[in-house]
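As stored in my_file31.txt (compact mmCIF, C-alpha atoms):
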# COMPACT_ATOMS: atom_id res chain seq x y z
CA MET A 1 23.60 68.00 183.60
CA ASN A 2 24.57 64.88 185.46
CA LEU A 3 25.98 62.15 183.22
CA PRO A 4 25.49 58.50 184.01
CA SER A 5 28.43 56.98 185.87
CA GLY A 6 31.10 55.39 183.65
CA ARG A 7 29.98 57.10 180.43
CA HIS A 8 32.25 59.36 178.25
CA PRO A 9 30.91 62.67 176.88
CA LEU A 10 31.52 61.41 173.31
CA SER A 11 29.58 58.51 172.00
CA ARG A 12 31.37 55.48 170.66
CA GLY A 13 30.32 56.42 167.13
CA ALA A 14 31.79 59.88 167.47
CA MET A 15 35.05 58.46 168.79
CA ARG A 16 35.30 56.13 165.82
CA PHE A 17 34.69 59.06 163.48
CA TRP A 18 37.42 61.24 164.94
CA LEU A 19 39.85 58.29 165.10
CA LEU A 20 39.25 57.70 161.39
CA VAL A 21 39.92 61.37 160.65
CA LEU A 22 43.17 61.22 162.60
CA VAL A 23 44.31 58.12 160.71
CA LEU A 24 43.52 59.78 157.38
CA LEU A 25 45.43 62.91 158.33
CA LEU A 26 48.46 60.92 159.40
CA SER A 27 48.35 58.82 156.25
CA SER A 28 48.17 61.96 154.13
CA ALA A 29 51.17 63.46 155.94
CA VAL A 30 53.21 60.30 155.47
CA ALA A 31 52.30 60.09 151.78
CA SER A 32 53.20 63.73 151.31
CA ALA A 33 56.58 63.16 152.93
CA CYS A 34 57.23 60.11 150.77
CA GLN A 35 56.39 62.01 147.62
CA ARG A 36 58.66 64.93 148.49
CA GLU A 37 61.55 65.24 146.05
CA PRO A 38 65.05 64.45 147.43
CA VAL A 39 67.16 67.51 148.09
CA PRO A 40 69.46 68.23 145.11
CA VAL A 41 73.16 67.70 145.86
CA ALA A 42 76.07 68.97 143.78
CA ILE A 43 79.48 67.25 144.03
CA GLU A 44 82.61 68.52 142.30
CA ILE A 45 85.56 66.20 141.70
CA TRP A 46 88.91 67.02 140.14
CA ASP A 47 90.86 64.34 138.32
CA GLY A 48 93.69 63.96 135.87
CA PRO A 49 93.88 61.77 132.74
CA ARG A 50 94.00 58.06 133.47
CA PRO A 51 94.70 55.00 131.29
CA ASP A 52 91.74 54.16 129.09
CA ALA A 53 91.08 51.73 126.26
CA SER A 54 89.89 54.66 124.16
CA ASP A 55 91.41 58.03 123.37
CA ASN A 56 89.32 59.57 126.13
CA LYS A 57 91.64 59.67 129.14
CA PHE A 58 88.72 60.58 131.39
CA GLY A 59 86.43 57.78 130.21
CA TRP A 60 86.80 55.70 133.35
CA MET A 61 85.86 58.55 135.65
CA GLU A 62 82.95 59.63 133.43
CA ALA A 63 81.59 56.08 133.44
CA ARG A 64 81.82 55.87 137.24
CA ILE A 65 80.07 59.23 137.60
CA ALA A 66 77.26 58.07 135.30
CA GLU A 67 76.91 54.90 137.35
CA PHE A 68 76.75 56.85 140.61
CA SER A 69 74.29 59.39 139.21
CA ALA A 70 71.97 56.60 138.06
CA GLU A 71 71.80 55.35 141.63
CA HIS A 72 71.35 58.87 143.02
CA PRO A 73 69.14 60.92 140.65
CA ASN A 74 69.22 63.90 143.00
CA VAL A 75 73.04 64.13 142.82
CA THR A 76 74.88 66.08 140.13
CA VAL A 77 78.56 65.21 139.91
CA THR A 78 80.75 67.66 138.00
CA LEU A 79 84.13 66.45 136.77
CA VAL A 80 86.84 69.08 136.40
CA LYS A 81 89.57 67.75 134.09
CA VAL A 82 92.98 68.91 135.26
CA PRO A 83 96.34 67.96 133.67
CA TRP A 84 98.47 66.17 136.24
CA GLN A 85 101.27 68.75 135.91
CA GLU A 86 98.79 71.44 136.98
CA MET A 87 97.01 69.48 139.73
CA ILE A 88 99.20 70.38 142.70
CA THR A 89 99.28 74.12 142.05
CA GLY A 90 95.58 74.14 141.17
CA VAL A 91 94.56 72.42 144.39
CA ASP A 92 96.91 74.60 146.41
CA LYS A 93 95.36 77.78 145.00
CA ALA A 94 91.84 76.46 145.56
CA LEU A 95 92.55 75.69 149.21
CA VAL A 96 94.18 79.05 149.80
CA SER A 97 91.14 80.82 148.35
CA ARG A 98 88.78 78.52 150.29
CA ASP A 99 86.92 77.86 147.02
CA PHE A 100 87.68 74.21 146.53
CA PRO A 101 86.10 71.05 145.09
CA ASP A 102 84.78 68.17 147.18
CA ILE A 103 87.24 65.50 146.01
CA VAL A 104 90.84 65.71 144.75
CA PRO A 105 93.28 62.93 143.70
CA LEU A 106 96.05 63.92 146.11
CA HIS A 107 97.17 62.97 149.60
CA ILE A 108 99.03 64.72 152.39
CA GLY A 109 102.64 65.47 151.54
CA THR A 110 102.47 65.33 147.75
CA GLY A 111 102.03 69.08 147.46
CA GLY A 112 98.71 70.82 147.12
CA ILE A 113 97.55 69.01 150.26
CA ARG A 114 99.69 70.18 153.18
CA PHE A 115 99.90 69.52 156.90
CA GLU A 116 98.55 72.94 157.83
CA HIS A 117 95.31 72.05 156.05
CA LEU A 118 94.65 69.55 158.84
CA GLY A 119 94.85 72.29 161.43
CA ASP A 120 92.55 74.44 159.33
CA GLY A 121 90.02 71.62 159.16
CA LEU A 122 90.10 71.53 155.37
CA LEU A 123 90.37 67.74 155.10
CA GLU A 124 87.77 65.17 156.08
CA PRO A 125 88.82 62.06 158.03
CA VAL A 126 87.36 58.94 156.41
CA ASP A 127 87.95 56.35 159.16
CA ALA A 128 84.23 56.03 159.82
CA TYR A 129 83.69 55.06 156.16
CA LEU A 130 86.34 52.31 156.13
CA ASP A 131 85.23 49.17 157.94
CA ASP A 132 87.48 46.45 159.37
CA ASP A 133 87.44 44.53 156.09
CA ASP A 134 88.65 47.65 154.24
CA THR A 135 91.54 48.33 156.60
CA LYS A 136 92.62 44.68 156.55
CA ASP A 137 92.47 44.62 152.76
CA LEU A 138 94.59 47.73 152.22
CA PHE A 139 98.37 47.43 152.09
CA PRO A 140 99.98 49.22 155.06
CA ALA A 141 101.78 51.82 152.93
CA ALA A 142 98.55 52.62 151.06
CA THR A 143 96.81 53.57 154.29
CA GLU A 144 99.89 55.33 155.66
CA ALA A 145 99.98 57.69 152.67
CA PHE A 146 96.66 59.18 153.77
CA LYS A 147 97.22 59.03 157.52
CA SER A 148 98.14 61.79 159.92
CA ARG A 149 97.71 62.18 163.67
CA GLY A 150 96.10 58.78 163.90
CA LYS A 151 93.37 59.42 161.34
CA ILE A 152 92.99 58.51 157.66
CA TYR A 153 92.28 61.36 155.26
CA GLY A 154 91.56 59.62 151.99
CA PHE A 155 90.67 56.52 149.99
CA PRO A 156 93.66 54.66 148.43
CA LEU A 157 93.28 53.55 144.81
CA GLY A 158 96.71 52.36 143.64
CA MET A 159 100.39 52.04 144.44
CA SER A 160 103.78 52.18 142.80
CA LEU A 161 107.10 50.81 143.95
CA HIS A 162 110.72 50.43 142.89
CA VAL A 163 112.08 47.07 141.80
CA MET A 164 115.18 45.59 140.24
CA LEU A 165 114.81 44.87 136.51
CA LEU A 166 116.96 42.08 135.11
CA ASN A 167 117.77 41.49 131.45
CA LEU A 168 117.56 37.69 131.37
CA ASP A 169 119.24 37.52 127.96
CA ILE A 170 122.49 38.77 129.50
CA PHE A 171 122.07 36.32 132.37
CA GLN A 172 121.75 33.51 129.83
CA GLU A 173 124.65 34.87 127.80
CA ARG A 174 126.89 34.58 130.86
CA GLY A 175 125.35 31.40 132.26
CA VAL A 176 124.29 33.17 135.46
CA ALA A 177 121.15 32.14 137.34
CA PRO A 178 118.76 34.93 138.38
CA PRO A 179 117.67 35.06 142.02
CA LYS A 180 115.12 32.41 142.91
CA ASP A 181 111.68 33.98 143.29
CA GLY A 182 113.38 37.34 142.84
CA THR A 183 114.87 37.33 146.33
CA TRP A 184 118.58 37.61 147.21
CA THR A 185 121.08 38.93 149.70
CA PHE A 186 123.46 41.77 148.91
CA ASP A 187 126.36 39.33 148.76
CA GLU A 188 124.48 37.31 146.14
CA PHE A 189 123.58 40.46 144.24
CA ARG A 190 127.17 41.72 144.29
CA GLU A 191 128.52 38.38 143.05
CA THR A 192 125.89 38.35 140.30
CA ALA A 193 126.88 41.86 139.24
CA ARG A 194 130.53 40.78 139.12
CA LYS A 195 129.77 37.77 136.89
CA LEU A 196 127.66 39.94 134.57
CA THR A 197 130.50 42.41 134.05
CA PHE A 198 132.57 41.40 131.01
CA ALA A 199 133.87 42.42 127.58
CA ARG A 200 131.57 41.38 124.73
CA GLY A 201 132.65 40.22 121.28
CA LYS A 202 135.63 41.08 119.15
CA GLN A 203 135.17 44.75 119.87
CA LYS A 204 135.54 44.02 123.58
CA THR A 205 132.54 46.18 124.33
CA PRO A 206 132.27 46.54 128.11
CA VAL A 207 129.13 45.18 129.72
CA TYR A 208 128.32 45.96 133.34
CA GLY A 209 126.25 44.14 135.88
CA PHE A 210 124.61 47.25 137.32
CA ALA A 211 123.77 50.90 136.72
CA ALA A 212 121.51 53.48 138.34
CA TYR A 213 120.90 57.20 138.10
CA ILE A 214 120.49 59.62 141.01
CA GLN A 215 118.22 62.59 140.57
CA LYS A 216 116.24 64.88 142.82
CA GLY A 217 112.73 63.57 143.38
CA TYR A 218 113.59 59.96 142.46
CA TYR A 219 114.28 57.01 144.72
CA GLU A 220 115.85 54.24 142.63
CA MET A 221 118.96 54.13 144.84
CA TRP A 222 117.25 54.55 148.20
CA PRO A 223 116.22 50.94 148.95
CA PHE A 224 119.93 50.02 148.74
CA LEU A 225 120.60 52.58 151.46
CA TYR A 226 117.84 51.05 153.61
CA MET A 227 119.18 47.49 153.39
CA ASP A 228 121.30 47.56 156.57
CA GLY A 229 118.52 49.16 158.63
CA ALA A 230 119.16 52.90 158.19
CA ARG A 231 116.41 55.43 157.53
CA PRO A 232 116.79 59.12 156.67
CA LEU A 233 114.87 60.50 159.65
CA SER A 234 113.99 59.34 163.16
CA PRO A 235 110.45 57.97 163.66
CA ASP A 236 109.29 61.33 165.01
CA MET A 237 111.00 63.03 162.02
CA ALA A 238 112.81 65.39 164.37
CA LYS A 239 116.34 64.12 163.69
CA PHE A 240 118.52 63.25 160.71
CA THR A 241 119.58 59.58 160.95
CA PHE A 242 121.15 58.85 157.56
CA ASP A 243 124.73 59.03 158.84
CA THR A 244 124.53 56.09 161.23
CA PRO A 245 126.94 53.14 160.83
CA GLN A 246 124.13 51.31 159.00
CA ALA A 247 123.71 54.16 156.52
CA ILE A 248 127.46 54.53 155.97
CA SER A 249 127.79 50.76 155.47
CA ALA A 250 125.01 50.60 152.88
CA LEU A 251 126.19 53.57 150.83
CA GLN A 252 129.79 52.36 150.96
CA LYS A 253 128.72 49.02 149.51
CA MET A 254 127.21 50.77 146.51
CA VAL A 255 130.25 52.99 146.04
CA ASP A 256 132.54 49.95 146.23
CA LEU A 257 130.43 48.13 143.66
CA LYS A 258 131.38 50.87 141.21
CA THR A 259 134.89 51.88 142.27
CA LYS A 260 136.48 48.71 143.67
CA LEU A 261 134.62 45.85 142.01
CA LYS A 262 133.96 47.92 138.87
CA ALA A 263 130.72 46.00 138.38
CA ALA A 264 128.66 49.18 137.94
CA SER A 265 128.89 51.33 134.85
CA PRO A 266 130.95 54.55 135.04
CA ASP A 267 127.71 56.48 134.48
CA THR A 268 126.21 55.17 137.70
CA GLY A 269 125.32 58.11 139.89
CA SER A 270 124.77 60.56 137.06
CA SER A 271 121.49 62.43 136.62
CA ASP A 272 121.11 61.29 133.02
CA HIS A 273 118.23 58.86 133.44
CA ALA A 274 117.76 58.53 129.67
CA LEU A 275 121.36 57.36 129.26
CA ILE A 276 120.94 54.82 132.06
CA TRP A 277 117.69 53.52 130.56
CA TYR A 278 119.00 53.11 127.03
CA ALA A 279 122.15 51.39 128.27
CA PHE A 280 119.82 48.80 129.77
CA ALA A 281 116.85 48.61 127.41
CA SER A 282 117.74 49.87 123.94
CA PRO A 283 118.00 46.96 121.46
CA HIS A 284 121.11 48.68 120.03
CA GLU A 285 122.81 49.12 123.41
CA ARG A 286 122.07 46.72 126.27
CA TRP A 287 125.41 46.85 127.97
CA VAL A 288 123.93 46.87 131.50
CA ALA A 289 122.32 43.72 132.94
CA MET A 290 120.49 45.04 136.03
CA GLU A 291 118.94 48.38 136.93
CA PRO A 292 116.47 49.67 139.53
CA TRP A 293 113.33 51.31 138.16
CA ALA A 294 109.76 51.97 139.16
CA ASP A 295 107.20 49.29 138.25
CA TRP A 296 105.98 51.18 135.14
CA ALA A 297 109.25 50.20 133.42
CA VAL A 298 108.32 46.50 133.40
CA GLN A 299 105.78 46.83 130.59
CA LEU A 300 107.92 49.35 128.73
CA ALA A 301 110.92 47.02 128.71
CA ALA A 302 108.75 44.17 127.43
CA SER A 303 106.91 46.33 124.89
CA PRO A 304 107.29 45.89 121.09
CA GLU A 305 109.67 48.85 121.13
CA TYR A 306 112.18 47.08 123.39
CA LYS A 307 111.17 43.38 123.42
CA MET A 308 113.28 42.63 126.46
CA ASN A 309 113.25 39.28 128.22
CA VAL A 310 112.80 41.00 131.56
CA MET A 311 112.48 39.75 135.13
CA VAL A 312 111.58 41.61 138.31
CA ALA A 313 113.54 41.07 141.52
CA ARG A 314 113.55 42.55 144.99
CA TYR A 315 116.27 44.89 146.12
CA PRO A 316 118.86 42.77 147.91
CA THR A 317 118.69 42.36 151.67
CA GLY A 318 121.57 43.54 153.85
CA ALA A 319 122.32 43.42 157.56
CA SER A 320 118.65 43.97 158.46
CA GLY A 321 117.73 40.72 156.71
CA LYS A 322 114.45 42.22 155.52
CA PRO A 323 113.56 43.13 151.93
CA VAL A 324 112.43 46.71 151.55
CA THR A 325 111.53 49.08 148.79
CA VAL A 326 110.32 52.65 148.45
CA GLY A 327 106.98 53.43 146.86
CA ARG A 328 104.00 55.73 146.64
CA ALA A 329 100.23 55.51 146.91
CA SER A 330 97.46 57.29 145.06
CA GLY A 331 93.77 57.80 145.69
CA PHE A 332 91.27 60.50 146.59
CA THR A 333 91.08 62.99 149.45
CA VAL A 334 87.77 64.49 150.60
CA LEU A 335 87.87 68.20 151.34
CA ARG A 336 85.82 69.89 154.04
CA GLN A 337 82.09 69.13 154.07
CA THR A 338 79.58 71.16 156.09
CA ASP A 339 76.45 69.20 155.19
CA LYS A 340 76.10 65.77 156.80
CA ALA A 341 73.98 64.26 154.03
CA LYS A 342 76.31 65.50 151.30
CA ARG A 343 79.35 64.26 153.22
CA ALA A 344 77.90 60.75 153.22
CA LEU A 345 77.31 60.90 149.46
CA VAL A 346 80.84 62.17 148.78
CA MET A 347 82.26 59.35 150.87
CA GLU A 348 80.09 56.82 149.03
CA LEU A 349 81.37 58.08 145.67
CA CYS A 350 85.00 57.83 146.81
CA SER A 351 84.39 54.34 148.17
CA MET A 352 82.95 53.26 144.82
CA LEU A 353 85.85 54.78 142.87
CA THR A 354 88.42 52.90 144.97
CA SER A 355 86.67 49.57 145.38
CA SER A 356 88.56 46.32 144.90
CA ALA A 357 86.71 45.81 141.59
CA GLN A 358 87.94 49.14 140.23
CA GLN A 359 91.49 48.47 141.38
CA GLU A 360 91.40 45.04 139.76
CA TYR A 361 90.24 46.68 136.52
CA PHE A 362 93.22 49.03 136.42
CA ALA A 363 95.63 46.24 137.35
CA SER A 364 94.31 43.75 134.79
CA LYS A 365 93.80 46.23 131.97
CA PHE A 366 96.78 48.53 132.39
CA GLY A 367 99.14 46.92 134.88
CA LEU A 368 98.68 49.53 137.61
CA LEU A 369 99.47 48.09 141.02
CA PRO A 370 96.49 48.13 143.41
CA ALA A 371 96.28 49.38 146.98
CA ARG A 372 94.18 46.39 148.06
CA ARG A 373 95.40 42.88 148.71
CA SER A 374 92.24 41.36 147.23
CA ALA A 375 92.75 43.18 143.93
CA ALA A 376 96.44 42.27 143.81
CA SER A 377 95.52 38.63 144.33
CA SER A 378 92.71 38.44 141.76
CA ALA A 379 94.10 40.72 139.02
CA ARG A 380 95.28 39.24 135.74
CA PHE A 381 98.21 41.52 135.07
CA PRO A 382 99.18 42.17 131.44
CA HIS A 383 102.74 40.97 132.19
CA PRO A 384 103.58 38.11 134.60
CA GLU A 385 106.43 40.05 136.18
CA LEU A 386 103.94 42.65 137.37
CA LYS A 387 102.31 39.90 139.38
CA ARG A 388 105.67 39.27 141.00
CA ALA A 389 106.09 43.00 141.66
CA ALA A 390 102.66 43.07 143.30
CA GLY A 391 104.01 40.51 145.73
CA PHE A 392 106.44 43.15 147.01
CA LEU A 393 103.72 45.65 147.97
CA GLU A 394 103.75 44.51 151.61
CA GLU A 395 107.37 45.70 151.81
CA VAL A 396 106.81 49.24 150.54
CA GLU A 397 107.91 52.16 152.69
CA LEU A 398 106.85 55.69 151.90
CA PRO A 399 109.20 58.66 151.90
CA PRO A 400 108.97 60.38 155.29
CA ASN A 401 105.86 62.50 155.61
CA HIS A 402 107.74 65.61 156.75
CA PRO A 403 106.53 69.13 155.84
CA LYS A 404 109.99 69.95 154.44
CA TRP A 405 110.54 66.58 152.82
CA VAL A 406 111.00 67.83 149.26
CA GLN A 407 113.89 70.05 150.33
CA ILE A 408 115.28 67.37 152.67
CA GLU A 409 115.21 64.72 149.95
CA ASN A 410 116.91 67.06 147.48
CA SER A 411 119.75 67.68 149.93
CA ILE A 412 120.21 63.98 150.70
CA ASN A 413 120.09 62.93 147.04
CA ALA A 414 122.71 65.54 146.13
CA GLU A 415 125.09 64.18 148.78
CA ILE A 416 124.44 60.54 147.83
CA GLN A 417 125.27 61.47 144.25
CA ALA A 418 128.49 63.19 145.33
CA ALA A 419 129.60 60.01 147.10
CA VAL A 420 128.75 57.68 144.20
CA LEU A 421 130.50 59.98 141.71
CA GLY A 422 133.62 60.00 143.90
CA GLU A 423 133.44 63.71 144.67
CA LYS A 424 133.24 63.06 148.43
CA THR A 425 133.86 60.19 150.78
CA VAL A 426 130.76 58.44 152.06
CA GLU A 427 131.35 59.80 155.56
CA GLN A 428 131.81 63.39 154.35
CA ALA A 429 128.78 63.25 152.07
CA LEU A 430 126.49 62.06 154.85
CA LYS A 431 128.02 64.51 157.31
CA ASP A 432 127.24 67.35 154.89
CA ALA A 433 123.74 65.97 154.44
CA ARG A 434 123.24 66.12 158.21
CA ARG A 435 124.17 69.79 158.35
CA GLU A 436 121.78 70.70 155.54
CA VAL A 437 118.89 68.57 156.76
CA GLU A 438 119.13 69.68 160.38
CA ALA A 439 118.84 73.29 159.19
CA LEU A 440 115.68 72.40 157.27
CA ILE A 441 114.20 70.52 160.23
CA SER A 442 114.84 73.45 162.55
CA LEU A 443 112.95 75.74 160.18
CA SER A 444 109.84 73.57 160.40
CA GLN A 445 109.77 73.37 164.20

Can you turn what I pasted into structure tokens?
Amino acid sequence: MNLPSGRHPLSRGAMRFWLLVLVLLLSSAVASACQREPVPVAIEIWDGPRPDASDNKFGWMEARIAEFSAEHPNVTVTLVKVPWQEMITGVDKALVSRDFPDIVPLHIGTGGIRFEHLGDGLLEPVDAYLDDDDTKDLFPAATEAFKSRGKIYGFPLGMSLHVMLLNLDIFQERGVAPPKDGTWTFDEFRETARKLTFARGKQKTPVYGFAAYIQKGYYEMWPFLYMDGARPLSPDMAKFTFDTPQAISALQKMVDLKTKLKAASPDTGSSDHALIWYAFASPHERWVAMEPWADWAVQLAASPEYKMNVMVARYPTGASGKPVTVGRASGFTVLRQTDKAKRALVMELCSMLTSSAQQEYFASKFGLLPARRSAASSARFPHPELKRAAGFLEEVELPPNHPKWVQIENSINAEIQAAVLGEKTVEQALKDARREVEALISLSQ
């Protein structure tokens, strides 16, 4: 049959009918997709006990999980409560067995998380989930703690650092002014230590300007050894560099403070940290005016138990002219994710846990130093000297992130102790440290 020119086989009415059917089918498909339940996601996070206003040391984490779950009803977050003393070995075993959680509160180099895990692809880089504002807000050392091979493998939450604690009552007793704004040179520090060394009362009880302990795994003495510019390892961590003239000069200054000036207590250099603490803080002792401690000691010294009139100061500057301290960072590392959607949710949870608001909460409530500048600026610390300590966070350097660092640090600390105790000369101690450390470095290459 011949159709009239310009006419379609379907009438206009029929076309409208089928177009309506198509629209209804599409609408039904869209509605069905919208009504489809989100895919369930299970996230497992390990954490240790944290400060809490209640007796529940996991209350903060449980509250954050509840908050996250309310925003994501399809997500189930399981918290595994692990004592801190068991965290490293637990994570290590989990990674070896390849049966591990999604999030752990460790970073590369602390144990549990090791460099070889990067090569195995067991850690997730998080750079894509930290924007420019995040990276600008984080203190350099906080980011560095989670960085390797140019990528960041975790979300920083908090920091710690070593400071000088001053007993201002002894300063006042001797009529000695503390360093202005907590900043001084080594010459000023040495002269202060000399003036604070005296015999007290009729009993002629000796009081010393300074004391410090030296123990494996602790860094109270190390910022003194950095003051003239020395560092334990070369930037590529392939060479031992703690026997340079700058290192010898710095360590000799500390030895002379004890042996020549006699402004440091005879116990300086011992491993008895309890003795060193009580000589400084005990209300019945207090025969040492200045000691280096980590920031946690600020609140303890000022607590009702000790009631010390305490001040925080920087470590003194030496030939380098720059203040420096040694510290650590904490946060959360994301372990390998194979599902893109779940990876995004895990990253979102970590971002929430380490936000500036959460860091400000810990700083204001418990005095924990934050990893973000914004939180350090806005926090209302429970002790004013913690605010001063937070001002030193820009100067924090981390221990070298070397695979054999624990063994290297143990060897160096043992030789530093031998020099301070007078068992070896400074030169011999650092020479012996070189021999031991070079052997350890060669084993890791």

Find the residues around stretch 301-315 of chain A up to 6 Å (all atoms listed in the file counted), leave out those fewer than 6 positions away in its own chain, and share them as a ChimeraX atom specification. /A:163-168,182-183,385

Selection above as a file: C-alpha atoms, as a compact mmCIF listing (two decimals), keeping the file's coordinate frame:
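As a result, part28.txt now contains:
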# COMPACT_ATOMS: atom_id res chain seq x y z
CA VAL A 163 112.08 47.07 141.80
CA MET A 164 115.18 45.59 140.24
CA LEU A 165 114.81 44.87 136.51
CA LEU A 166 116.96 42.08 135.11
CA ASN A 167 117.77 41.49 131.45
CA LEU A 168 117.56 37.69 131.37
CA GLY A 182 113.38 37.34 142.84
CA THR A 183 114.87 37.33 146.33
CA GLU A 385 106.43 40.05 136.18

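The spacing separating atom CA of A:Lys365 from atom CA of A:Asp295 amounts to 15.1 Å.
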
Would you list the contacts of A:Thr259 as JSON, numbers by chain, taking every protein, DNA or RNA residue within 12 Å and counting all atoms listed in the file, but skipping same-chain residues closer than 2 positions in sequence? {"A": [252, 253, 254, 255, 256, 257, 261, 262, 263, 264, 265, 266, 267, 268, 269, 419, 420, 421, 422, 425]}

Point out the residue among A:Ile108, A:Ser320, A:Ser54, A:Ile88 with the least atom-to-atom distance to A:Thr185, counting all atoms listed in the file. A:Ser320

Using all atoms listed in the file, find all polymer residues with an atom at most 10 Å away from the point (99.9, 42.3, 135.7); report them as a short mmCIF file (atom, residue, chain, number, x, y, z; two decimals) with C-alpha atoms, keeping the file's coordinate frame.
data_model
loop_
_atom_site.label_atom_id
_atom_site.label_comp_id
_atom_site.auth_asym_id
_atom_site.auth_seq_id
_atom_site.Cartn_x
_atom_site.Cartn_y
_atom_site.Cartn_z
CA VAL A 298 108.32 46.50 133.40
CA GLN A 299 105.78 46.83 130.59
CA GLU A 360 91.40 45.04 139.76
CA PHE A 362 93.22 49.03 136.42
CA ALA A 363 95.63 46.24 137.35
CA SER A 364 94.31 43.75 134.79
CA LYS A 365 93.80 46.23 131.97
CA PHE A 366 96.78 48.53 132.39
CA GLY A 367 99.14 46.92 134.88
CA LEU A 368 98.68 49.53 137.61
CA LEU A 369 99.47 48.09 141.02
CA ALA A 376 96.44 42.27 143.81
CA ALA A 379 94.10 40.72 139.02
CA ARG A 380 95.28 39.24 135.74
CA PHE A 381 98.21 41.52 135.07
CA PRO A 382 99.18 42.17 131.44
CA HIS A 383 102.74 40.97 132.19
CA PRO A 384 103.58 38.11 134.60
CA GLU A 385 106.43 40.05 136.18
CA LEU A 386 103.94 42.65 137.37
CA LYS A 387 102.31 39.90 139.38
CA ARG A 388 105.67 39.27 141.00
CA ALA A 389 106.09 43.00 141.66
CA ALA A 390 102.66 43.07 143.30
#

I'd like the contact shell of A:Asp236 - 12 Å cut-off, all atoms listed in the file, skipping same-chain residues fewer than 5 positions apart - returned as a PyMOL selection string. chain A and resi 149+231+241+400-402+441

So how far away is atom CA of A:Val41 from atom CA of A:Leu123, in Å?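 Separation of atom CA of A:Leu123 and atom CA of A:Val41: 19.5 Å.
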
Need the neighbours of (127.1, 41.8, 141.3): which residues are at most 9 Å away, counting only C-alpha atoms, as a ChimeraX atom specification? /A:186-197,209-210,257,261,263-264

I want to know what sits within 8 Å of stretch 61-75 of chain A, based on only C-alpha atoms, with residues of the same chain fewer than 5 positions away left out; could you give that as a ChimeraX atom specification? /A:38-43,349,353

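In this structure, atom CA of A:Lys431 sits 10.2 Å away from atom CA of A:Ile412.
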
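Among A:Ala212, A:Val104, A:Ala177, A:Ala141, the residue with the shortest atom-to-atom distance to A:Trp277, counting all atoms listed in the file, is A:Ala212.
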
Which is closer to A:Trp405 than all the others in A:Ser444, A:Thr325, A:Thr338, A:Ser355, using only C-alpha atoms?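 Distance minimum relative to A:Trp405 lands on A:Ser444.
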
Residues at most 7 Å from A:Leu122, counting only C-alpha atoms, excluding those fewer than 3 positions away in the same chain, as number ranges by chain? A: 117-118, 335-336

What would stretch 158-169 of chain A look like with N, CA and C atoms in place, written as a short mmCIF file (atom, residue, chain, number, x, y, z; two decimals), keeping the file's coordinate frame?
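Written output follows (selection_33.cif):
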data_model
loop_
_atom_site.label_atom_id
_atom_site.label_comp_id
_atom_site.auth_asym_id
_atom_site.auth_seq_id
_atom_site.Cartn_x
_atom_site.Cartn_y
_atom_site.Cartn_z
N GLY A 158 95.63 53.12 144.25
CA GLY A 158 96.71 52.36 143.64
C GLY A 158 98.03 52.64 144.31
N MET A 159 99.05 51.89 143.88
CA MET A 159 100.39 52.04 144.44
C MET A 159 101.43 51.94 143.33
N SER A 160 102.62 52.41 143.65
CA SER A 160 103.78 52.18 142.80
C SER A 160 104.94 51.83 143.71
N LEU A 161 105.94 51.16 143.16
CA LEU A 161 107.10 50.81 143.95
C LEU A 161 108.32 50.65 143.04
N HIS A 162 109.49 50.63 143.64
CA HIS A 162 110.72 50.43 142.89
C HIS A 162 111.15 48.98 142.99
N VAL A 163 111.64 48.46 141.88
CA VAL A 163 112.08 47.07 141.80
C VAL A 163 113.39 47.01 141.03
N MET A 164 114.03 45.85 141.09
CA MET A 164 115.18 45.59 140.24
C MET A 164 114.70 44.94 138.95
N LEU A 165 115.11 45.48 137.81
CA LEU A 165 114.81 44.87 136.51
C LEU A 165 116.06 44.14 136.02
N LEU A 166 115.86 42.91 135.58
CA LEU A 166 116.96 42.08 135.11
C LEU A 166 116.76 41.74 133.64
N ASN A 167 117.80 41.92 132.84
CA ASN A 167 117.77 41.49 131.45
C ASN A 167 118.21 40.03 131.41
N LEU A 168 117.26 39.12 131.28
CA LEU A 168 117.56 37.69 131.37
C LEU A 168 118.41 37.20 130.20
N ASP A 169 118.39 37.93 129.09
CA ASP A 169 119.24 37.52 127.96
C ASP A 169 120.72 37.61 128.33
#
